[in-house]
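Q: Sharing a structure, written as structure tokens. Questions coming.
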2 protein chains.
Amino acid sequence: MKKEENNMGWLFDEEVSDSGDLTEKQKRIVKAAVEMFQEKGFSASSTSEIARRAGVAEGTIFRHYRTKKELLLAIVTPVMSHLVAPFIVKDLDKVLEQDYEHYEDFLKAVVRNRQTFIRKHLPIVKILIQEIPFHEELRTQFIEHIAKDLFDRFGKVVVHFQEKGELIEIPSSSAIRLSLTAILGFFLARYIMVPDRDWDDEKEIEITVQFILHGLKAR
Amino acid sequence: MKKEENNMGWLFDEEVSDSGDLTEKQKRIVKAAVEMFQEKGFSASSTSEIARRAGVAEGTIFRHYRTKKELLLAIVTPVMSHLVAPFIVKDLDKVLEQDYEHYEDFLKAVVRNRQTFIRKHLPIVKILIQEIPFHEELRTQFIEHIAKDLFDRFGKVVVHFQEKGELIEIPSSSAIRLSLTAILGFFLARYIMVPDRDWDDEKEIEITVQFILHGLKAR
DNA sequence: TTGTAAAGTGAGTAATCACTCATTTTTAAA
DNA sequence: TTTAAAAATGAGTGATTACTCACTTTACAA
């Protein structure tokens, strides 16, 4: 009765939150909750203040979400499931069909694609990162459905370019880790640690990608 | 009356927590608090349960720490201040005095040194990472006294090897970021994300360092 | 206009929260 | 053995918590 996840939208472009079938007040609850969770964290955020900020009676929250935790999950799980899965499928195909001739092309596509996503859903991504350690469901969902999938697919890409002789022959898990941390490190610096610096995104991405390429180049 | 930080100990080796002048019950409070903060996070941890786990009356906590937050800070700030500062001073000297002939030597020293520290204080490091976003004092202390210092010193090292023609001429901030994220990415994977895998630390460190070196090599 | 289900309300509830304080116990120097 | 300070206690405090429920309002098809 609650979730009718429109299971197509994001495949074509985005719109992760099924904001369509939410009532006006429900949207304001979600908005206020995202703000508060980000500022104080989940368990330091009270439902009474969320209601106050949303301009809504406290009971209204519990009309739509049976518990405070359910509210958190409703906010965070759709973003989690779109954080990683969809783009990699598409880009994986392009790699295997040789649309991406070099690892460089693949990397750049990944970075660009995820940058627009993270930029758009940054507050929720932050909440997700914060709360993952404390919620079993989030952890298992992340590991089982996201991380494993990501490593599988990313691993295939790495192996593909290793076999082409383009990348050094180290364990694919290491190559993935090194590629990902360089990329995530950029996002971390760019959007979380020092978002106020005036970044030259194009240049910084180029530096980061070249770093990975030279670091992993067959030698 | 509370803090008489023995300001020499860690310079020679470590022993970050001034456990010396703590009463028996105080040590058990700190131990229980670290456990709970790690499991549930700071604000989801109640002083009553901390007391129960420590086998201590709740009032005893407030004999030693005026507030719950003061307990958190007492646990977390000494680790933060030793997380970064001391080793870099020493290693910086060695670089400038050419004890470290190559960037490789510096990197390996840094990784080895910080690995023993992180291994020893992992629970508190985790708490620190979790709580930094929500506590102004922690954030400013981290930025002003830790991050800036680290970047200053690390920057000097990078520039030194750039001038020697060993490293590529990119902005030092980028070179630092790329070096650090590769190292931190290893620690993150090794001790937080998948600590249970059977790691070949030596090999993995070698791979990581070589990745950084080739990624940043002058070309 | 009426009927009905969904949306919204807010006072009320028991539990829990961080913290206090009068009192007792422990420690250790005199 | 005396004594005074420090450490430890735990019942008690008012505030706040997540959540409930009897009720009112709104939306809208018949």
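The way I read the labels, and the way they are meant: chains A, B, ... in the order of the structure tokens, residue 1 as the first residue of every chain, and ligand 1 as the first ligand shown, with later ones counted on from there.
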Find the residues of chain B in contact range of chain D, meaning any atom within 8 Å when counting only C-alpha atoms (C1' of nucleotides), and list them as a list of chain:residue names.
A: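 Result: B:Ala57, B:Glu58, B:Gly59, B:Thr60.
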Q: Once you have the residues from the selection above, write them out as a PDB file, in the first residue's frame, restricted to N, CA and C atoms.
A:
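Wrote part.pdb, looks like this:
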```pdb
ATOM      1  N   ALA B  57      28.015   2.834  39.289  1.00  0.00           N
ATOM      2  CA  ALA B  57      26.800   3.644  39.428  1.00  0.00           C
ATOM      3  C   ALA B  57      26.808   4.770  38.401  1.00  0.00           C
ATOM      4  N   GLU B  58      25.586   5.145  37.978  1.00  0.00           N
ATOM      5  CA  GLU B  58      25.529   6.160  36.937  1.00  0.00           C
ATOM      6  C   GLU B  58      26.175   7.468  37.399  1.00  0.00           C
ATOM      7  N   GLY B  59      25.990   7.772  38.674  1.00  0.00           N
ATOM      8  CA  GLY B  59      26.572   9.003  39.209  1.00  0.00           C
ATOM      9  C   GLY B  59      28.080   9.067  39.070  1.00  0.00           C
ATOM     10  N   THR B  60      28.712   7.903  39.085  1.00  0.00           N
ATOM     11  CA  THR B  60      30.179   7.865  39.009  1.00  0.00           C
ATOM     12  C   THR B  60      30.687   8.466  37.705  1.00  0.00           C
TER      13      THR B  60
END
```
Q: Show me which bits of chain B are within 10 Å of chain A, counting only C-alpha atoms, as a PyMOL selection string.
A: chain B and resi 38-45+129-131+133-135+143+170-171+174-175+177-186+188-189+193+204+207-217+219
Q: For segment 82-99 of chain A, work out the shell of residues within 9 Å, counting only C-alpha atoms (C1' of nucleotides) and skipping chain neighbours fewer than 3 positions away, then give it as a ChimeraX atom specification.
A: /A:10-11,14,16,77-79,102-103,105-106,109-110,113-114,117-118,125,145-147,149-150,153-154,156-157,160
Q: Would you mind exporting the chosen residues as a PDB file, in the first residue's frame, restricted to N, CA and C atoms?
A:
```
ATOM      1  N   TRP A  10      14.123   5.716 -13.161  1.00  0.00           N
ATOM      2  CA  TRP A  10      15.557   5.950 -13.027  1.00  0.00           C
ATOM      3  C   TRP A  10      16.357   5.258 -14.123  1.00  0.00           C
ATOM      4  N   LEU A  11      15.778   4.229 -14.697  1.00  0.00           N
ATOM      5  CA  LEU A  11      16.519   3.521 -15.727  1.00  0.00           C
ATOM      6  C   LEU A  11      16.838   4.441 -16.890  1.00  0.00           C
ATOM      7  N   GLU A  14      16.668   9.704 -14.095  1.00  0.00           N
ATOM      8  CA  GLU A  14      16.889   9.616 -12.662  1.00  0.00           C
ATOM      9  C   GLU A  14      15.586   9.690 -11.874  1.00  0.00           C
ATOM     10  N   VAL A  16      15.075   9.534  -8.405  1.00  0.00           N
ATOM     11  CA  VAL A  16      15.152   8.376  -7.536  1.00  0.00           C
ATOM     12  C   VAL A  16      13.977   8.303  -6.583  1.00  0.00           C
ATOM     13  N   THR A  77      17.088   4.023   1.319  1.00  0.00           N
ATOM     14  CA  THR A  77      17.284   2.817   0.500  1.00  0.00           C
ATOM     15  C   THR A  77      17.151   3.055  -1.004  1.00  0.00           C
ATOM     16  N   PRO A  78      16.203   3.882  -1.455  1.00  0.00           N
ATOM     17  CA  PRO A  78      16.162   4.078  -2.910  1.00  0.00           C
ATOM     18  C   PRO A  78      17.431   4.706  -3.448  1.00  0.00           C
ATOM     19  N   VAL A  79      18.012   5.625  -2.699  1.00  0.00           N
ATOM     20  CA  VAL A  79      19.259   6.229  -3.157  1.00  0.00           C
ATOM     21  C   VAL A  79      20.381   5.203  -3.183  1.00  0.00           C
ATOM     22  N   HIS A 102      39.415   1.840 -24.305  1.00  0.00           N
ATOM     23  CA  HIS A 102      40.441   1.850 -23.258  1.00  0.00           C
ATOM     24  C   HIS A 102      39.808   1.989 -21.874  1.00  0.00           C
ATOM     25  N   TYR A 103      40.588   1.539 -20.880  1.00  0.00           N
ATOM     26  CA  TYR A 103      40.163   1.703 -19.478  1.00  0.00           C
ATOM     27  C   TYR A 103      39.857   3.171 -19.193  1.00  0.00           C
ATOM     28  N   ASP A 105      38.475   5.386 -21.097  1.00  0.00           N
ATOM     29  CA  ASP A 105      37.121   5.761 -21.520  1.00  0.00           C
ATOM     30  C   ASP A 105      36.095   5.305 -20.492  1.00  0.00           C
ATOM     31  N   PHE A 106      36.295   4.088 -20.011  1.00  0.00           N
ATOM     32  CA  PHE A 106      35.396   3.545 -18.995  1.00  0.00           C
ATOM     33  C   PHE A 106      35.441   4.393 -17.726  1.00  0.00           C
ATOM     34  N   ALA A 109      33.736   7.774 -18.068  1.00  0.00           N
ATOM     35  CA  ALA A 109      32.284   7.633 -18.105  1.00  0.00           C
ATOM     36  C   ALA A 109      31.734   7.427 -16.696  1.00  0.00           C
ATOM     37  N   VAL A 110      32.400   6.564 -15.940  1.00  0.00           N
ATOM     38  CA  VAL A 110      31.970   6.290 -14.574  1.00  0.00           C
ATOM     39  C   VAL A 110      31.999   7.558 -13.726  1.00  0.00           C
ATOM     40  N   ASN A 113      29.319  10.124 -14.830  1.00  0.00           N
ATOM     41  CA  ASN A 113      27.973   9.646 -14.505  1.00  0.00           C
ATOM     42  C   ASN A 113      27.673   9.764 -13.014  1.00  0.00           C
ATOM     43  N   ARG A 114      28.594   9.290 -12.197  1.00  0.00           N
ATOM     44  CA  ARG A 114      28.337   9.316 -10.749  1.00  0.00           C
ATOM     45  C   ARG A 114      28.430  10.721 -10.179  1.00  0.00           C
ATOM     46  N   PHE A 117      25.034  12.187 -10.232  1.00  0.00           N
ATOM     47  CA  PHE A 117      24.177  11.539  -9.241  1.00  0.00           C
ATOM     48  C   PHE A 117      24.486  12.028  -7.832  1.00  0.00           C
ATOM     49  N   ILE A 118      25.760  12.006  -7.489  1.00  0.00           N
ATOM     50  CA  ILE A 118      26.150  12.420  -6.137  1.00  0.00           C
ATOM     51  C   ILE A 118      25.805  13.875  -5.898  1.00  0.00           C
ATOM     52  N   VAL A 125      23.148  10.837   0.418  1.00  0.00           N
ATOM     53  CA  VAL A 125      24.352  10.006   0.397  1.00  0.00           C
ATOM     54  C   VAL A 125      25.114  10.154   1.709  1.00  0.00           C
ATOM     55  N   HIS A 145      23.680  -6.433  -2.065  1.00  0.00           N
ATOM     56  CA  HIS A 145      23.098  -5.997  -3.328  1.00  0.00           C
ATOM     57  C   HIS A 145      23.893  -4.913  -4.034  1.00  0.00           C
ATOM     58  N   ILE A 146      24.764  -4.255  -3.315  1.00  0.00           N
ATOM     59  CA  ILE A 146      25.465  -3.140  -3.936  1.00  0.00           C
ATOM     60  C   ILE A 146      26.947  -3.448  -4.102  1.00  0.00           C
ATOM     61  N   ALA A 147      27.620  -3.631  -2.988  1.00  0.00           N
ATOM     62  CA  ALA A 147      29.067  -3.788  -3.052  1.00  0.00           C
ATOM     63  C   ALA A 147      29.469  -5.011  -3.875  1.00  0.00           C
ATOM     64  N   ASP A 149      27.808  -6.652  -6.149  1.00  0.00           N
ATOM     65  CA  ASP A 149      27.470  -6.403  -7.543  1.00  0.00           C
ATOM     66  C   ASP A 149      28.502  -5.504  -8.211  1.00  0.00           C
ATOM     67  N   LEU A 150      28.803  -4.420  -7.497  1.00  0.00           N
ATOM     68  CA  LEU A 150      29.769  -3.462  -8.032  1.00  0.00           C
ATOM     69  C   LEU A 150      31.113  -4.122  -8.295  1.00  0.00           C
ATOM     70  N   ARG A 153      31.014  -6.592 -11.326  1.00  0.00           N
ATOM     71  CA  ARG A 153      31.020  -5.933 -12.642  1.00  0.00           C
ATOM     72  C   ARG A 153      32.331  -5.215 -12.896  1.00  0.00           C
ATOM     73  N   PHE A 154      32.732  -4.434 -11.893  1.00  0.00           N
ATOM     74  CA  PHE A 154      33.985  -3.700 -12.041  1.00  0.00           C
ATOM     75  C   PHE A 154      35.133  -4.679 -12.282  1.00  0.00           C
ATOM     76  N   LYS A 156      35.028  -7.549 -13.793  1.00  0.00           N
ATOM     77  CA  LYS A 156      35.027  -8.009 -15.185  1.00  0.00           C
ATOM     78  C   LYS A 156      35.703  -7.007 -16.106  1.00  0.00           C
ATOM     79  N   VAL A 157      35.409  -5.741 -15.866  1.00  0.00           N
ATOM     80  CA  VAL A 157      36.020  -4.700 -16.684  1.00  0.00           C
ATOM     81  C   VAL A 157      37.537  -4.719 -16.528  1.00  0.00           C
ATOM     82  N   HIS A 160      39.072  -7.643 -18.192  1.00  0.00           N
ATOM     83  CA  HIS A 160      39.028  -7.424 -19.631  1.00  0.00           C
ATOM     84  C   HIS A 160      40.243  -6.638 -20.117  1.00  0.00           C
TER      85      HIS A 160
END
```
Q: Separation of atom CA of Val158 of chain B and atom CA of Glu104 of chain B, in Å?
A: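 Separating atom CA of Val158 of chain B from atom CA of Glu104 of chain B is a distance of 11.3 Å.
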Q: Could I get the residues of chain C with an atom no further than 12 Å from an atom of chain B, each paired with its nearest atom pair and that distance in Å to one decimal, using only C-alpha atoms (C1' of nucleotides), sorted by chain and residue number, as a Markdown table?
A:
```
| residue | atom | partner | partner_atom | distance |
| --- | --- | --- | --- | --- |
| C:DT16 | C1' | B:Ser46 | CA | 9.1 |
| C:DC17 | C1' | B:Ser46 | CA | 7.5 |
| C:DA18 | C1' | B:Thr47 | CA | 7.4 |
| C:DC19 | C1' | B:Phe62 | CA | 7.8 |
| C:DT20 | C1' | B:Gly59 | CA | 8.7 |
| C:DC21 | C1' | B:Gly59 | CA | 9.7 |
| C:DT27 | C1' | B:Thr23 | CA | 11.8 |
```
Q: Tell me, in Å to one decimal, how far atom CA of Met36 of chain B is from atom CA of Ile50 of chain B.
A: 7.0 Å
Q: Running DSSP on the backbone, which parts of segment 30-65 of chain B land in alpha helix (DSSP H), as a PyMOL selection string?
A: chain B and resi 30-40+47-54+58-64
Q: Kindly export the residues of the current selection with C-alpha atoms, as an mmCIF file, in the first residue's frame.
A:
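Wrote it out as again.cif, contents follow:
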```cif
data_model
loop_
_atom_site.group_PDB
_atom_site.id
_atom_site.type_symbol
_atom_site.label_atom_id
_atom_site.label_comp_id
_atom_site.auth_asym_id
_atom_site.auth_seq_id
_atom_site.Cartn_x
_atom_site.Cartn_y
_atom_site.Cartn_z
ATOM 1 C CA VAL B 30 35.946 4.601 29.261
ATOM 2 C CA LYS B 31 36.127 1.008 28.056
ATOM 3 C CA ALA B 32 32.359 0.564 28.226
ATOM 4 C CA ALA B 33 31.781 3.923 26.540
ATOM 5 C CA VAL B 34 34.108 3.070 23.665
ATOM 6 C CA GLU B 35 32.261 -0.202 23.165
ATOM 7 C CA MET B 36 28.859 1.431 23.170
ATOM 8 C CA PHE B 37 29.757 4.439 21.055
ATOM 9 C CA GLN B 38 31.126 2.060 18.489
ATOM 10 C CA GLU B 39 28.066 -0.186 18.500
ATOM 11 C CA LYS B 40 25.274 2.379 18.573
ATOM 12 C CA THR B 47 24.773 6.919 30.253
ATOM 13 C CA SER B 48 22.692 4.445 32.217
ATOM 14 C CA GLU B 49 23.741 1.553 29.998
ATOM 15 C CA ILE B 50 27.351 2.684 29.938
ATOM 16 C CA ALA B 51 27.279 2.625 33.730
ATOM 17 C CA ARG B 52 25.645 -0.793 33.763
ATOM 18 C CA ARG B 53 28.222 -2.251 31.394
ATOM 19 C CA ALA B 54 31.043 -0.721 33.377
ATOM 20 C CA GLU B 58 25.529 6.160 36.937
ATOM 21 C CA GLY B 59 26.572 9.003 39.209
ATOM 22 C CA THR B 60 30.179 7.865 39.009
ATOM 23 C CA ILE B 61 30.320 8.803 35.349
ATOM 24 C CA PHE B 62 29.347 12.353 36.216
ATOM 25 C CA ARG B 63 31.906 12.529 39.025
ATOM 26 C CA HIS B 64 34.582 12.351 36.363
#
```
Q: Distance atom CA of Leu73 of chain B-atom CA of Tyr191 of chain A, one decimal place?
A: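 Distance reported for this atom pair: 26.5 Å.
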